[in-house]
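Below is the file data.cif, which contains mmCIF, C-alpha atoms and all ligand atoms.
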data_entry
#
loop_
_atom_site.label_atom_id
_atom_site.label_comp_id
_atom_site.auth_asym_id
_atom_site.auth_seq_id
_atom_site.Cartn_x
_atom_site.Cartn_y
_atom_site.Cartn_z
CA MET A 1 19.87 -17.83 -5.00
CA ALA A 2 20.65 -14.74 -2.95
CA ALA A 3 19.37 -14.92 0.60
CA LYS A 4 17.10 -12.27 2.03
CA THR A 5 18.56 -10.80 5.16
CA LEU A 6 16.65 -10.19 8.37
CA PRO A 7 17.08 -6.93 10.30
CA PHE A 8 16.53 -8.74 13.63
CA ASP A 9 17.87 -11.78 15.42
CA ARG A 10 16.41 -14.72 17.29
CA PRO A 11 16.70 -13.16 20.80
CA LEU A 12 14.56 -10.19 19.70
CA ILE A 13 11.87 -12.50 18.34
CA ASP A 14 11.99 -14.67 21.49
CA ARG A 15 11.61 -11.53 23.58
CA ILE A 16 8.59 -10.37 21.56
CA ILE A 17 6.97 -13.81 21.51
CA SER A 18 7.18 -14.02 25.30
CA ASP A 19 4.70 -11.10 25.45
CA HIS A 20 2.79 -11.43 22.17
CA PRO A 21 1.48 -14.71 20.80
CA THR A 22 2.13 -15.44 17.13
CA PRO A 23 1.10 -14.58 14.50
CA PHE A 24 1.93 -10.88 14.33
CA VAL A 25 3.39 -8.40 11.88
CA LEU A 26 6.72 -6.94 12.87
CA TYR A 27 7.73 -3.60 11.30
CA HIS A 28 11.26 -2.23 11.16
CA GLU A 29 11.05 1.44 12.07
CA ASP A 30 14.54 2.43 10.90
CA GLY A 31 13.94 0.80 7.51
CA ILE A 32 10.73 2.76 6.96
CA ARG A 33 12.31 6.05 8.04
CA GLN A 34 15.32 5.50 5.80
CA ARG A 35 13.08 4.79 2.81
CA VAL A 36 11.29 8.13 3.22
CA ARG A 37 14.66 9.89 3.53
CA ASP A 38 16.03 8.15 0.42
CA LEU A 39 13.03 9.15 -1.66
CA THR A 40 13.14 12.73 -0.41
CA ALA A 41 16.89 12.92 -1.14
CA ALA A 42 16.38 11.57 -4.66
CA PHE A 43 14.10 14.52 -5.44
CA ALA A 44 15.96 17.19 -3.46
CA TRP A 45 16.68 18.92 -6.80
CA ASN A 46 12.94 19.68 -7.16
CA GLU A 47 11.86 22.60 -4.98
CA GLY A 48 8.86 21.53 -2.91
CA PHE A 49 8.91 17.83 -3.81
CA GLN A 50 6.47 15.91 -1.63
CA GLN A 51 5.94 12.17 -1.09
CA TYR A 52 2.45 11.20 0.12
CA PHE A 53 2.30 7.77 1.73
CA ALA A 54 -0.56 5.71 0.20
CA VAL A 55 -2.21 4.96 3.53
CA LYS A 56 -4.09 1.90 2.26
CA ALA A 57 -0.82 -0.06 2.16
CA THR A 58 -0.37 0.08 5.94
CA PRO A 59 -3.08 2.16 7.59
CA ASN A 60 -1.64 1.96 11.09
CA PRO A 61 -1.69 5.48 12.60
CA HIS A 62 1.72 4.94 14.24
CA ILE A 63 3.26 4.13 10.86
CA VAL A 64 1.56 7.09 9.16
CA ALA A 65 2.79 9.31 12.00
CA LEU A 66 6.40 8.20 11.88
CA MET A 67 6.45 8.83 8.14
CA ALA A 68 4.96 12.28 8.71
CA GLU A 69 7.83 12.92 11.13
CA GLU A 70 10.18 12.26 8.20
CA GLY A 71 8.31 14.81 6.10
CA SER A 72 5.90 12.51 4.27
CA GLY A 73 2.33 13.51 3.52
CA ALA A 74 -0.52 11.01 3.20
CA ASP A 75 -2.48 9.82 0.18
CA CYS A 76 -6.00 8.74 1.07
CA SER A 77 -8.71 7.08 -0.94
CA SER A 78 -11.39 6.56 1.68
CA VAL A 79 -13.07 8.32 4.57
CA ALA A 80 -11.40 6.07 7.16
CA GLU A 81 -8.02 7.02 5.77
CA LEU A 82 -8.93 10.74 5.81
CA ILE A 83 -10.07 10.44 9.43
CA THR A 84 -6.78 8.72 10.29
CA CYS A 85 -4.91 11.77 8.96
CA GLU A 86 -7.23 14.28 10.59
CA ARG A 87 -6.84 12.61 13.98
CA LEU A 88 -3.05 12.68 13.59
CA GLY A 89 -3.16 16.38 12.73
CA ILE A 90 -2.05 15.71 9.15
CA THR A 91 -4.23 18.14 7.20
CA GLY A 92 -4.25 20.67 4.38
CA HIS A 93 -2.00 20.06 1.42
CA ASP A 94 -0.13 17.37 3.38
CA VAL A 95 -3.09 15.18 2.43
CA MET A 96 -3.93 14.00 -1.05
CA PHE A 97 -7.35 12.51 -1.74
CA THR A 98 -7.17 10.16 -4.73
CA SER A 99 -10.43 8.30 -4.90
CA ASN A 100 -12.68 6.79 -7.53
CA ASN A 101 -16.42 6.18 -7.57
CA THR A 102 -16.63 8.92 -4.97
CA THR A 103 -19.66 10.35 -3.16
CA THR A 104 -20.23 14.05 -2.52
CA GLU A 105 -20.01 13.32 1.23
CA GLU A 106 -16.52 11.92 0.73
CA PHE A 107 -15.44 15.03 -1.17
CA ALA A 108 -16.89 17.17 1.62
CA ILE A 109 -14.74 15.40 4.22
CA ALA A 110 -11.64 15.72 2.03
CA ALA A 111 -12.41 19.41 1.54
CA ARG A 112 -12.97 19.93 5.28
CA ILE A 113 -9.47 18.57 5.89
CA GLY A 114 -8.14 20.82 3.14
CA ALA A 115 -6.75 17.90 1.11
CA ILE A 116 -5.59 18.24 -2.47
CA ILE A 117 -8.36 16.52 -4.41
CA ASN A 118 -7.51 14.40 -7.42
CA LEU A 119 -10.59 14.11 -9.57
CA ASP A 120 -11.06 10.74 -11.23
CA THR A 121 -13.37 12.22 -13.87
CA PRO A 122 -14.70 15.67 -14.88
CA HIS A 123 -18.15 14.37 -13.87
CA HIS A 124 -17.04 14.93 -10.30
CA ILE A 125 -16.87 18.72 -10.88
CA ASP A 126 -20.63 18.88 -10.35
CA GLN A 127 -20.18 17.27 -6.95
CA LEU A 128 -17.50 19.79 -5.99
CA LEU A 129 -19.98 22.55 -6.89
CA GLN A 130 -22.29 21.18 -4.20
CA LEU A 131 -19.66 21.75 -1.50
CA GLU A 132 -19.78 24.86 0.67
CA GLN A 133 -16.85 26.14 -1.28
CA MET A 134 -15.13 24.94 -4.41
CA PRO A 135 -11.64 23.72 -3.40
CA GLU A 136 -8.89 26.22 -4.17
CA MET A 137 -6.83 23.58 -5.95
CA VAL A 138 -8.05 20.82 -8.25
CA SER A 139 -6.08 18.02 -9.83
CA PHE A 140 -7.13 15.44 -12.42
CA ARG A 141 -6.09 11.81 -12.73
CA PHE A 142 -5.04 10.93 -16.26
CA ASN A 143 -5.51 7.42 -17.63
CA PRO A 144 -3.49 7.03 -20.84
CA GLY A 145 -5.60 4.07 -22.04
CA PRO A 146 -4.16 2.53 -25.20
CA GLU A 147 -1.16 4.92 -25.06
CA ARG A 148 0.41 2.83 -22.29
CA GLN A 149 0.75 -0.85 -21.40
CA GLY A 150 0.45 -0.86 -17.60
CA ASN A 151 1.74 -3.92 -15.79
CA VAL A 152 0.43 -7.09 -14.18
CA ILE A 153 -0.70 -5.65 -10.85
CA ILE A 154 -2.64 -2.67 -12.13
CA GLY A 155 -3.55 -4.16 -15.51
CA ASP A 156 -4.07 -2.68 -18.93
CA PRO A 157 -4.84 1.08 -18.59
CA LYS A 158 -7.72 0.93 -21.07
CA GLU A 159 -9.35 -1.77 -18.92
CA ALA A 160 -8.70 0.18 -15.71
CA LYS A 161 -11.59 1.95 -14.03
CA PHE A 162 -9.36 4.79 -12.86
CA GLY A 163 -8.83 8.23 -14.28
CA CYS A 164 -9.98 10.18 -17.32
CA THR A 165 -9.17 10.21 -20.99
CA ARG A 166 -7.01 12.77 -22.75
CA GLU A 167 -10.09 14.69 -24.04
CA GLN A 168 -11.71 14.68 -20.61
CA ILE A 169 -8.53 16.08 -19.05
CA PHE A 170 -8.60 19.14 -21.34
CA GLU A 171 -12.34 19.60 -20.77
CA GLY A 172 -11.91 19.26 -17.03
CA TYR A 173 -9.23 21.94 -16.68
CA ALA A 174 -11.06 24.35 -18.98
CA ARG A 175 -14.29 23.97 -17.03
CA CYS A 176 -12.60 24.37 -13.63
CA ALA A 177 -10.81 27.50 -14.84
CA GLU A 178 -14.18 28.94 -15.94
CA LEU A 179 -15.55 28.14 -12.50
CA GLY A 180 -12.81 30.19 -10.89
CA VAL A 181 -10.42 27.48 -9.71
CA THR A 182 -6.98 29.08 -9.65
CA ARG A 183 -4.59 26.30 -8.67
CA PHE A 184 -4.14 23.04 -10.53
CA GLY A 185 -2.36 19.71 -10.30
CA LEU A 186 -1.99 16.74 -12.62
CA HIS A 187 -1.87 13.12 -11.57
CA ALA A 188 -1.47 9.61 -12.96
CA MET A 189 -0.98 6.17 -11.45
CA VAL A 190 -0.26 3.78 -14.28
CA VAL A 191 1.91 1.00 -12.87
CA SER A 192 2.24 -0.65 -9.48
CA ASN A 193 4.92 -2.90 -8.05
CA GLU A 194 7.26 -1.88 -10.85
CA LEU A 195 10.94 -2.83 -10.66
CA ASN A 196 11.87 -1.40 -14.03
CA VAL A 197 12.95 2.21 -13.72
CA ASP A 198 12.10 2.89 -17.37
CA ALA A 199 8.39 2.19 -16.83
CA LEU A 200 8.31 4.77 -14.03
CA LEU A 201 10.25 7.28 -16.13
CA GLN A 202 7.75 6.82 -18.96
CA THR A 203 5.00 8.02 -16.63
CA ALA A 204 7.02 11.13 -15.78
CA GLU A 205 7.68 11.86 -19.44
CA MET A 206 4.02 11.33 -20.35
CA LEU A 207 2.87 13.73 -17.64
CA PHE A 208 5.45 16.40 -18.48
CA ASP A 209 4.31 16.35 -22.12
CA LEU A 210 0.69 16.44 -21.07
CA ALA A 211 1.22 19.38 -18.70
CA ILE A 212 2.73 21.35 -21.58
CA GLN A 213 -0.20 20.48 -23.87
CA ILE A 214 -2.75 21.42 -21.18
CA HIS A 215 -1.04 24.79 -20.86
CA GLU A 216 -1.01 25.34 -24.60
CA GLN A 217 -4.62 24.27 -25.16
CA THR A 218 -6.39 25.64 -22.09
CA GLY A 219 -4.03 28.23 -20.63
CA VAL A 220 -4.02 26.30 -17.34
CA ALA A 221 -0.55 26.00 -15.80
CA VAL A 222 -0.41 23.07 -13.41
CA GLU A 223 1.73 23.89 -10.39
CA CYS A 224 2.28 20.31 -9.33
CA ILE A 225 2.59 16.95 -11.06
CA ASN A 226 1.96 13.79 -9.08
CA LEU A 227 3.82 10.85 -10.62
CA GLY A 228 1.72 8.40 -8.61
CA GLY A 229 3.19 5.49 -6.67
CA GLY A 230 4.34 2.27 -8.16
CA ILE A 231 7.91 1.73 -7.00
CA GLY A 232 8.03 -2.04 -6.63
CA VAL A 233 9.25 -4.45 -3.98
CA ALA A 234 11.84 -7.12 -4.78
CA TYR A 235 9.73 -9.94 -3.39
CA ARG A 236 11.95 -12.65 -4.85
CA PRO A 237 15.53 -12.99 -3.62
CA GLU A 238 16.87 -12.85 -7.17
CA GLN A 239 15.06 -9.58 -7.94
CA GLU A 240 16.69 -6.20 -7.54
CA GLU A 241 15.11 -3.16 -5.98
CA ILE A 242 14.79 0.05 -7.92
CA ASP A 243 17.70 2.39 -7.27
CA ILE A 244 15.70 5.34 -5.97
CA ALA A 245 18.56 7.82 -6.44
CA GLU A 246 18.92 6.74 -10.08
CA PHE A 247 15.18 7.10 -10.56
CA GLY A 248 15.34 10.65 -9.13
CA ARG A 249 18.16 11.53 -11.54
CA GLY A 250 16.18 10.08 -14.44
CA VAL A 251 13.16 12.23 -13.61
CA GLN A 252 15.44 15.26 -13.26
CA ALA A 253 16.86 14.72 -16.75
CA LEU A 254 13.33 14.52 -18.20
CA TYR A 255 12.25 17.59 -16.26
CA GLU A 256 15.20 19.56 -17.58
CA ALA A 257 14.61 18.36 -21.12
CA LYS A 258 10.85 19.00 -21.18
CA LEU A 259 9.63 21.39 -18.51
CA THR A 260 12.58 23.71 -18.01
CA PRO A 261 12.51 25.02 -21.61
CA SER A 262 8.68 25.15 -21.66
CA ALA A 263 6.55 28.19 -20.92
CA LEU A 264 5.38 26.62 -17.63
CA PRO A 265 6.55 28.12 -14.34
CA PRO A 266 8.53 25.72 -12.09
CA VAL A 267 6.46 22.63 -11.24
CA ARG A 268 6.51 20.85 -7.89
CA LEU A 269 6.69 17.08 -8.18
CA MET A 270 4.85 14.67 -5.96
CA MET A 271 4.67 10.93 -5.52
CA GLU A 272 2.29 8.72 -3.61
CA ASN A 273 4.17 5.51 -3.05
CA GLY A 274 2.67 2.94 -0.72
CA ARG A 275 4.08 -0.54 -1.19
CA ALA A 276 7.76 0.40 -1.43
CA MET A 277 7.59 2.52 1.74
CA THR A 278 6.57 -0.28 4.10
CA GLY A 279 6.45 -3.57 2.18
CA PRO A 280 10.06 -4.68 2.67
CA PHE A 281 10.04 -3.51 6.29
CA GLY A 282 7.22 -5.74 7.56
CA PHE A 283 7.58 -9.41 8.50
CA LEU A 284 4.78 -11.82 9.29
CA ILE A 285 5.99 -13.91 12.22
CA THR A 286 4.21 -17.25 12.54
CA GLU A 287 4.77 -20.58 14.26
CA VAL A 288 4.67 -24.04 12.72
CA ILE A 289 1.79 -25.82 14.49
CA ASN A 290 1.32 -28.95 12.35
CA GLN A 291 3.09 -30.84 9.61
CA LYS A 292 1.41 -33.40 7.42
CA THR A 293 2.03 -35.46 4.33
CA SER A 294 -0.80 -36.64 2.12
CA TYR A 295 -0.39 -36.28 -1.62
CA LYS A 296 1.96 -33.40 -0.86
CA ASN A 297 3.94 -32.15 2.12
CA TYR A 298 2.31 -29.47 4.22
CA VAL A 299 3.72 -27.18 6.86
CA GLY A 300 0.79 -25.75 8.82
CA VAL A 301 1.32 -22.39 10.52
CA ASP A 302 -0.78 -20.33 12.92
CA ALA A 303 -1.14 -17.45 10.43
CA CYS A 304 -3.47 -17.74 7.47
CA MET A 305 -4.56 -15.90 4.35
CA SER A 306 -6.35 -13.32 6.46
CA ASN A 307 -2.94 -12.13 7.74
CA LEU A 308 -1.52 -11.87 4.23
CA MET A 309 -3.73 -12.58 1.26
CA ARG A 310 -1.38 -11.67 -1.59
CA PRO A 311 -0.22 -15.26 -2.21
CA GLY A 312 -3.80 -16.54 -2.17
CA MET A 313 -5.22 -13.65 -4.15
CA TYR A 314 -2.54 -13.01 -6.78
CA GLY A 315 -0.35 -16.11 -6.50
CA ALA A 316 2.24 -13.62 -5.27
CA TYR A 317 5.64 -14.83 -4.11
CA HIS A 318 6.64 -14.03 -0.54
CA HIS A 319 9.98 -15.31 0.65
CA ILE A 320 9.92 -17.52 3.75
CA SER A 321 12.78 -17.97 6.20
CA VAL A 322 12.88 -20.55 8.95
CA LEU A 323 14.23 -18.55 11.88
CA GLY A 324 17.62 -19.81 12.99
CA LYS A 325 17.94 -21.92 9.82
CA GLU A 326 18.40 -19.07 7.33
CA ASP A 327 21.55 -20.64 5.94
CA ALA A 328 20.49 -24.30 6.22
CA PRO A 329 20.14 -26.21 2.95
CA ALA A 330 16.70 -26.91 1.51
CA GLU A 331 15.63 -30.42 2.44
CA GLN A 332 11.94 -30.52 1.66
CA THR A 333 9.40 -29.26 -0.85
CA VAL A 334 6.29 -28.05 0.95
CA ASP A 335 3.15 -25.99 0.80
CA VAL A 336 3.07 -23.60 3.75
CA VAL A 337 -0.58 -23.34 4.72
CA GLY A 338 -2.98 -21.66 7.11
CA SER A 339 -6.11 -23.24 8.53
CA LEU A 340 -8.90 -21.55 6.54
CA CYS A 341 -11.38 -23.81 4.79
CA GLU A 342 -10.16 -22.47 1.47
CA ASN A 343 -7.55 -24.27 -0.55
CA ASN A 344 -5.88 -21.04 -1.62
CA ASP A 345 -5.04 -20.37 2.03
CA LYS A 346 -1.38 -21.00 1.27
CA PHE A 347 1.67 -18.82 1.73
CA SER A 348 3.66 -20.82 -0.78
CA ILE A 349 3.25 -23.78 -3.08
CA ASP A 350 6.07 -26.30 -3.68
CA ARG A 351 8.57 -24.19 -1.75
CA GLU A 352 12.01 -25.57 -0.98
CA LEU A 353 12.66 -25.11 2.72
CA PRO A 354 15.11 -26.41 5.28
CA LYS A 355 13.77 -29.17 7.51
CA THR A 356 11.08 -27.76 9.81
CA GLU A 357 9.63 -28.93 13.09
CA VAL A 358 6.52 -28.02 15.02
CA GLY A 359 7.45 -24.99 17.10
CA ASP A 360 9.75 -23.47 14.47
CA ILE A 361 9.20 -19.79 13.73
CA LEU A 362 8.72 -18.85 10.09
CA VAL A 363 9.34 -15.33 8.87
CA ILE A 364 7.28 -14.34 5.84
CA HIS A 365 9.08 -11.46 4.18
CA ASP A 366 7.82 -8.24 2.56
CA ALA A 367 4.54 -8.36 4.45
CA GLY A 368 4.60 -4.69 5.44
CA ALA A 369 2.23 -3.48 2.71
CA HIS A 370 -1.15 -4.94 1.73
CA GLY A 371 -0.69 -7.49 4.51
CA HIS A 372 -2.49 -6.63 7.72
CA SER A 373 -4.42 -3.95 5.82
CA MET A 374 -6.13 -6.53 3.61
CA GLY A 375 -7.01 -8.65 6.65
CA PHE A 376 -10.45 -10.11 7.12
CA GLN A 377 -12.26 -12.33 9.58
CA TYR A 378 -13.48 -15.21 7.46
CA ASN A 379 -13.76 -18.45 9.41
CA GLY A 380 -13.58 -16.36 12.57
CA ARG A 381 -9.85 -15.88 12.24
CA LEU A 382 -8.97 -12.65 13.97
CA ARG A 383 -6.65 -9.90 12.83
CA SER A 384 -3.25 -10.04 14.47
CA ALA A 385 -1.24 -7.53 16.44
CA GLU A 386 1.18 -5.15 14.73
CA ILE A 387 4.51 -4.54 16.43
CA LEU A 388 7.18 -1.96 15.68
CA PHE A 389 10.83 -2.46 16.56
CA SER A 390 13.85 -0.24 16.13
CA ASP A 391 17.56 -0.93 15.72
CA ALA A 392 17.98 0.56 19.18
CA GLY A 393 16.04 -2.43 20.50
CA GLU A 394 12.79 -0.66 21.28
CA VAL A 395 9.66 -2.78 20.79
CA ARG A 396 6.17 -1.26 20.71
CA GLU A 397 2.82 -2.87 20.12
CA ILE A 398 1.19 -0.45 17.68
CA ARG A 399 -2.05 -2.39 17.31
CA ARG A 400 -3.33 -5.11 19.60
CA ALA A 401 -4.63 -8.40 18.29
CA GLU A 402 -8.39 -8.67 17.93
CA THR A 403 -10.30 -10.64 20.54
CA PHE A 404 -13.48 -12.69 20.28
CA GLU A 405 -15.18 -9.75 21.97
CA ASP A 406 -14.23 -7.62 18.94
CA TYR A 407 -15.45 -10.36 16.65
CA PHE A 408 -18.88 -10.58 18.28
CA ALA A 409 -19.20 -6.82 18.96
CA THR A 410 -21.50 -6.22 15.99
CA VAL A 411 -24.14 -8.79 16.92
CA ASP A 412 -26.43 -8.78 19.91
CA PHE A 413 -26.71 -12.38 21.13
CA ASP A 414 -29.60 -11.45 23.44
CA SER A 415 -31.72 -10.60 20.41
CA VAL A 416 -31.07 -13.93 18.71
CA LYS A 417 -34.12 -16.20 18.54
CA CYS A 418 -32.85 -19.74 18.64
CA SER A 419 -35.89 -21.92 19.16
CA ARG A 420 -34.16 -25.25 18.97
CA ASP A 421 -35.79 -27.70 21.37
CA GLN A 422 -33.41 -27.94 24.30
CA THR A 423 -34.48 -31.52 25.05
CA ALA A 424 -33.34 -32.62 21.58
CA GLN A 425 -29.86 -31.59 22.54
CA ALA A 426 -29.82 -34.02 25.43
CA LEU A 427 -30.28 -36.93 23.06
C1 LIG B 501 -2.49 2.20 -4.31
C2 LIG B 501 -2.28 3.55 -4.82
C3 LIG B 501 -1.03 4.15 -4.71
C4 LIG B 501 0.16 3.45 -4.16
O1 LIG B 501 0.65 2.55 -5.07
P1 LIG B 501 1.95 1.70 -4.76
O2 LIG B 501 2.06 0.82 -5.95
O3 LIG B 501 1.65 0.97 -3.50
O4 LIG B 501 3.07 2.64 -4.61
C5 LIG B 501 -0.90 5.43 -5.17
N1 LIG B 501 -1.95 6.10 -5.70
C6 LIG B 501 -3.15 5.56 -5.79
C7 LIG B 501 -4.24 6.35 -6.36
C8 LIG B 501 -3.36 4.26 -5.35
O5 LIG B 501 -4.58 3.73 -5.47
#
Turn this file's structure into structure tokens for me.
Ligand SMILES: *Cc1c(COP(=O)(O)O)cnc(C)c1O
Amino acid sequence: MAAKTLPFDRPLIDRIISDHPTPFVLYHEDGIRQRVRDLTAAFAWNEGFQQYFAVKATPNPHIVALMAEEGSGADCSSVAELITCERLGITGHDVMFTSNNTTTEEFAIAARIGAIINLDTPHHIDQLLQLEQMPEMVSFRFNPGPERQGNVIIGDPKEAKFGCTREQIFEGYARCAELGVTRFGLHAMVVSNELNVDALLQTAEMLFDLAIQIHEQTGVAVECINLGGGIGVAYRPEQEEIDIAEFGRGVQALYEAKLTPSALPPVRLMMENGRAMTGPFGFLITEVINQKTSYKNYVGVDACMSNLMRPGMYGAYHHISVLGKEDAPAEQTVDVVGSLCENNDKFSIDRELPKTEVGDILVIHDAGAHGHSMGFQYNGRLRSAEILFSDAGEVREIRRAETFEDYFATVDFDSVKCSRDQTAQAL
């Protein structure tokens, strides 16, 4: 089995641990920057190509900002994410708002920021009409339903709550054009965590065909097509990442075959990848605090499912390295567990690992997306710090760990009526 390499060494981790208790998430700045550059380069052939980082994957403002420095926009699906962008000065068409089950207030905030709004359904047009001003540009999210298969993470498109049908798409554009909207986009997000380039290319082909049909049937010429996110992460050591340059060339071939000869003016392409931008560049660093054997062998660590819930929630594989023993042979089969009172609070089940001891540092790989962001406080476990390091050796805490003060901040103990008889306690 191929090993997964680490972009840092033991001295760096020792240095960080001396200031920051485990667990914490460690992000590799150069890796994230390079990923944005690679994606941008893969689409350099398309004038005006824009990647929008799906903020929900890693909503740390420092991470969103460093991607913006590399030319990335931001894809938001909630008010908190929109506010993050606004406070960073990322506004206008650098922001995409792709929501579902949306309130008029949420659209108003997106419109205030000047975001490109992806409508999940034509029903939302009535909500846009309630805004001070109808947005200049409107985009619709297409759900191909039975036309496409989807994949495990996002599920079967016809079971998915997102997007509108083919008929609704035509209706939606026609109605917006009547209402005076002059600029249009088209969007789909059909697969997530996809490692097969062909599945991603199918989405591009589907949208190019659809854009041509929309033009023919309604006269609306979309000026941009958003291919969605979905580039996967090679979570398992034997998996291979998507070759982003090859993907870009594949989309170019489809563009030249479909759109170039069509009656549509040149179309700007967009993507809104989340997972692939940060996932492989985040590492959950945690210490072994207990080991036990009952019916199975357990390695207990100081992180838990609230630091990374993908294994507990989806049975997802995350590779685990024992720091300093990356090349040591496997000597035990263990479940690596947190301390929540939930039996799915496990980072791995029946994993082969080198011999571990209390005090060892485990590195849980590919924790940079949907890790800290999915955190929660069940059992009073607090969210950890997030730390950014660079190849130049710079280390920055980009979010502090929560404290018990944070945990109790939303209750007022003084208002609690606890009438338990104090004398009973003495017994
Ligand atoms: C989550 C999400 C993305 C990002 O998907 P990835 O698979 O992380 O690239 C993009 N668009 C929308 C609408 C999303 O909900």
With all atoms listed in the file counted, collect every polymer residue having an atom within 10 Å of ligand LIG 501 (chain B); state the result as a PyMOL selection string.
-> chain A and resi 52-58+75-77+96-100+118+120+141+153-154+162-163+187-194+226-233+271-279+369-370
Hey, which of A:Leu308, A:Leu362, A:Tyr298, A:Thr286 ends up closest to His20 in chain A? Count only C-alpha atoms.
->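 Looking at the shortest contact to His20 in chain A, the residue is A:Thr286.
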Between A:Cys341, A:Ala257, A:Val395, A:Leu284, which is the closest to His365 in chain A once you count all atoms listed in the file?
->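 Looking only at the distances to His365 in chain A, the closest residue turns out to be A:Leu284.
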Contacts of Phe142 in chain A at 12 Å (all atoms listed in the file; same-chain gap of 2+ positions) as JSON, numbers by chain | {"A": [98, 118, 119, 120, 121, 122, 139, 140, 144, 145, 147, 148, 157, 158, 160, 161, 162, 163, 164, 165, 166, 167, 168, 169, 170, 172, 173, 185, 186, 187, 188, 189, 190, 203, 206, 207, 210, 211, 214, 225, 226, 227, 228]}
Next, the residues of the selection above should be written as a PDB file, in the frame of the given file with C-alpha atoms.
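selection-v5.pdb was written with the following content:
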ATOM      1  CA  THR A  98      -7.170  10.160  -4.730  1.00  0.00           C
ATOM      2  CA  ASN A 118      -7.510  14.400  -7.420  1.00  0.00           C
ATOM      3  CA  LEU A 119     -10.590  14.110  -9.570  1.00  0.00           C
ATOM      4  CA  ASP A 120     -11.060  10.740 -11.230  1.00  0.00           C
ATOM      5  CA  THR A 121     -13.370  12.220 -13.870  1.00  0.00           C
ATOM      6  CA  PRO A 122     -14.700  15.670 -14.880  1.00  0.00           C
ATOM      7  CA  SER A 139      -6.080  18.020  -9.830  1.00  0.00           C
ATOM      8  CA  PHE A 140      -7.130  15.440 -12.420  1.00  0.00           C
ATOM      9  CA  PRO A 144      -3.490   7.030 -20.840  1.00  0.00           C
ATOM     10  CA  GLY A 145      -5.600   4.070 -22.040  1.00  0.00           C
ATOM     11  CA  GLU A 147      -1.160   4.920 -25.060  1.00  0.00           C
ATOM     12  CA  ARG A 148       0.410   2.830 -22.290  1.00  0.00           C
ATOM     13  CA  PRO A 157      -4.840   1.080 -18.590  1.00  0.00           C
ATOM     14  CA  LYS A 158      -7.720   0.930 -21.070  1.00  0.00           C
ATOM     15  CA  ALA A 160      -8.700   0.180 -15.710  1.00  0.00           C
ATOM     16  CA  LYS A 161     -11.590   1.950 -14.030  1.00  0.00           C
ATOM     17  CA  PHE A 162      -9.360   4.790 -12.860  1.00  0.00           C
ATOM     18  CA  GLY A 163      -8.830   8.230 -14.280  1.00  0.00           C
ATOM     19  CA  CYS A 164      -9.980  10.180 -17.320  1.00  0.00           C
ATOM     20  CA  THR A 165      -9.170  10.210 -20.990  1.00  0.00           C
ATOM     21  CA  ARG A 166      -7.010  12.770 -22.750  1.00  0.00           C
ATOM     22  CA  GLU A 167     -10.090  14.690 -24.040  1.00  0.00           C
ATOM     23  CA  GLN A 168     -11.710  14.680 -20.610  1.00  0.00           C
ATOM     24  CA  ILE A 169      -8.530  16.080 -19.050  1.00  0.00           C
ATOM     25  CA  PHE A 170      -8.600  19.140 -21.340  1.00  0.00           C
ATOM     26  CA  GLY A 172     -11.910  19.260 -17.030  1.00  0.00           C
ATOM     27  CA  TYR A 173      -9.230  21.940 -16.680  1.00  0.00           C
ATOM     28  CA  GLY A 185      -2.360  19.710 -10.300  1.00  0.00           C
ATOM     29  CA  LEU A 186      -1.990  16.740 -12.620  1.00  0.00           C
ATOM     30  CA  HIS A 187      -1.870  13.120 -11.570  1.00  0.00           C
ATOM     31  CA  ALA A 188      -1.470   9.610 -12.960  1.00  0.00           C
ATOM     32  CA  MET A 189      -0.980   6.170 -11.450  1.00  0.00           C
ATOM     33  CA  VAL A 190      -0.260   3.780 -14.280  1.00  0.00           C
ATOM     34  CA  THR A 203       5.000   8.020 -16.630  1.00  0.00           C
ATOM     35  CA  MET A 206       4.020  11.330 -20.350  1.00  0.00           C
ATOM     36  CA  LEU A 207       2.870  13.730 -17.640  1.00  0.00           C
ATOM     37  CA  LEU A 210       0.690  16.440 -21.070  1.00  0.00           C
ATOM     38  CA  ALA A 211       1.220  19.380 -18.700  1.00  0.00           C
ATOM     39  CA  ILE A 214      -2.750  21.420 -21.180  1.00  0.00           C
ATOM     40  CA  ILE A 225       2.590  16.950 -11.060  1.00  0.00           C
ATOM     41  CA  ASN A 226       1.960  13.790  -9.080  1.00  0.00           C
ATOM     42  CA  LEU A 227       3.820  10.850 -10.620  1.00  0.00           C
ATOM     43  CA  GLY A 228       1.720   8.400  -8.610  1.00  0.00           C
TER      44      GLY A 228
END
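Distances here use all atoms listed in the file; by that measure, the residue among A:Leu323, A:Ile116, A:Cys176, A:Val336 closest to Ile361 in chain A is A:Leu323.
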For Asp30 in chain A, list every protein, DNA or RNA residue within 10 Å, evaluated using all atoms listed in the file, and leave out those in the same chain fewer than 3 positions away; present the list as a PyMOL selection string.
-> chain A and resi 7+27+33-35+281+388-392
Residues from last step as file, C-alpha atoms, as a JSON list (two decimals), in the coordinates of the input:
[["chain", "number", "residue", "atom", "x", "y", "z"],
["A", 7, "PRO", "CA", 17.08, -6.93, 10.30],
["A", 27, "TYR", "CA", 7.73, -3.60, 11.30],
["A", 33, "ARG", "CA", 12.31, 6.05, 8.04],
["A", 34, "GLN", "CA", 15.32, 5.50, 5.80],
["A", 35, "ARG", "CA", 13.08, 4.79, 2.81],
["A", 281, "PHE", "CA", 10.04, -3.51, 6.29],
["A", 388, "LEU", "CA", 7.18, -1.96, 15.68],
["A", 389, "PHE", "CA", 10.83, -2.46, 16.56],
["A", 390, "SER", "CA", 13.85, -0.24, 16.13],
["A", 391, "ASP", "CA", 17.56, -0.93, 15.72],
["A", 392, "ALA", "CA", 17.98, 0.56, 19.18]]
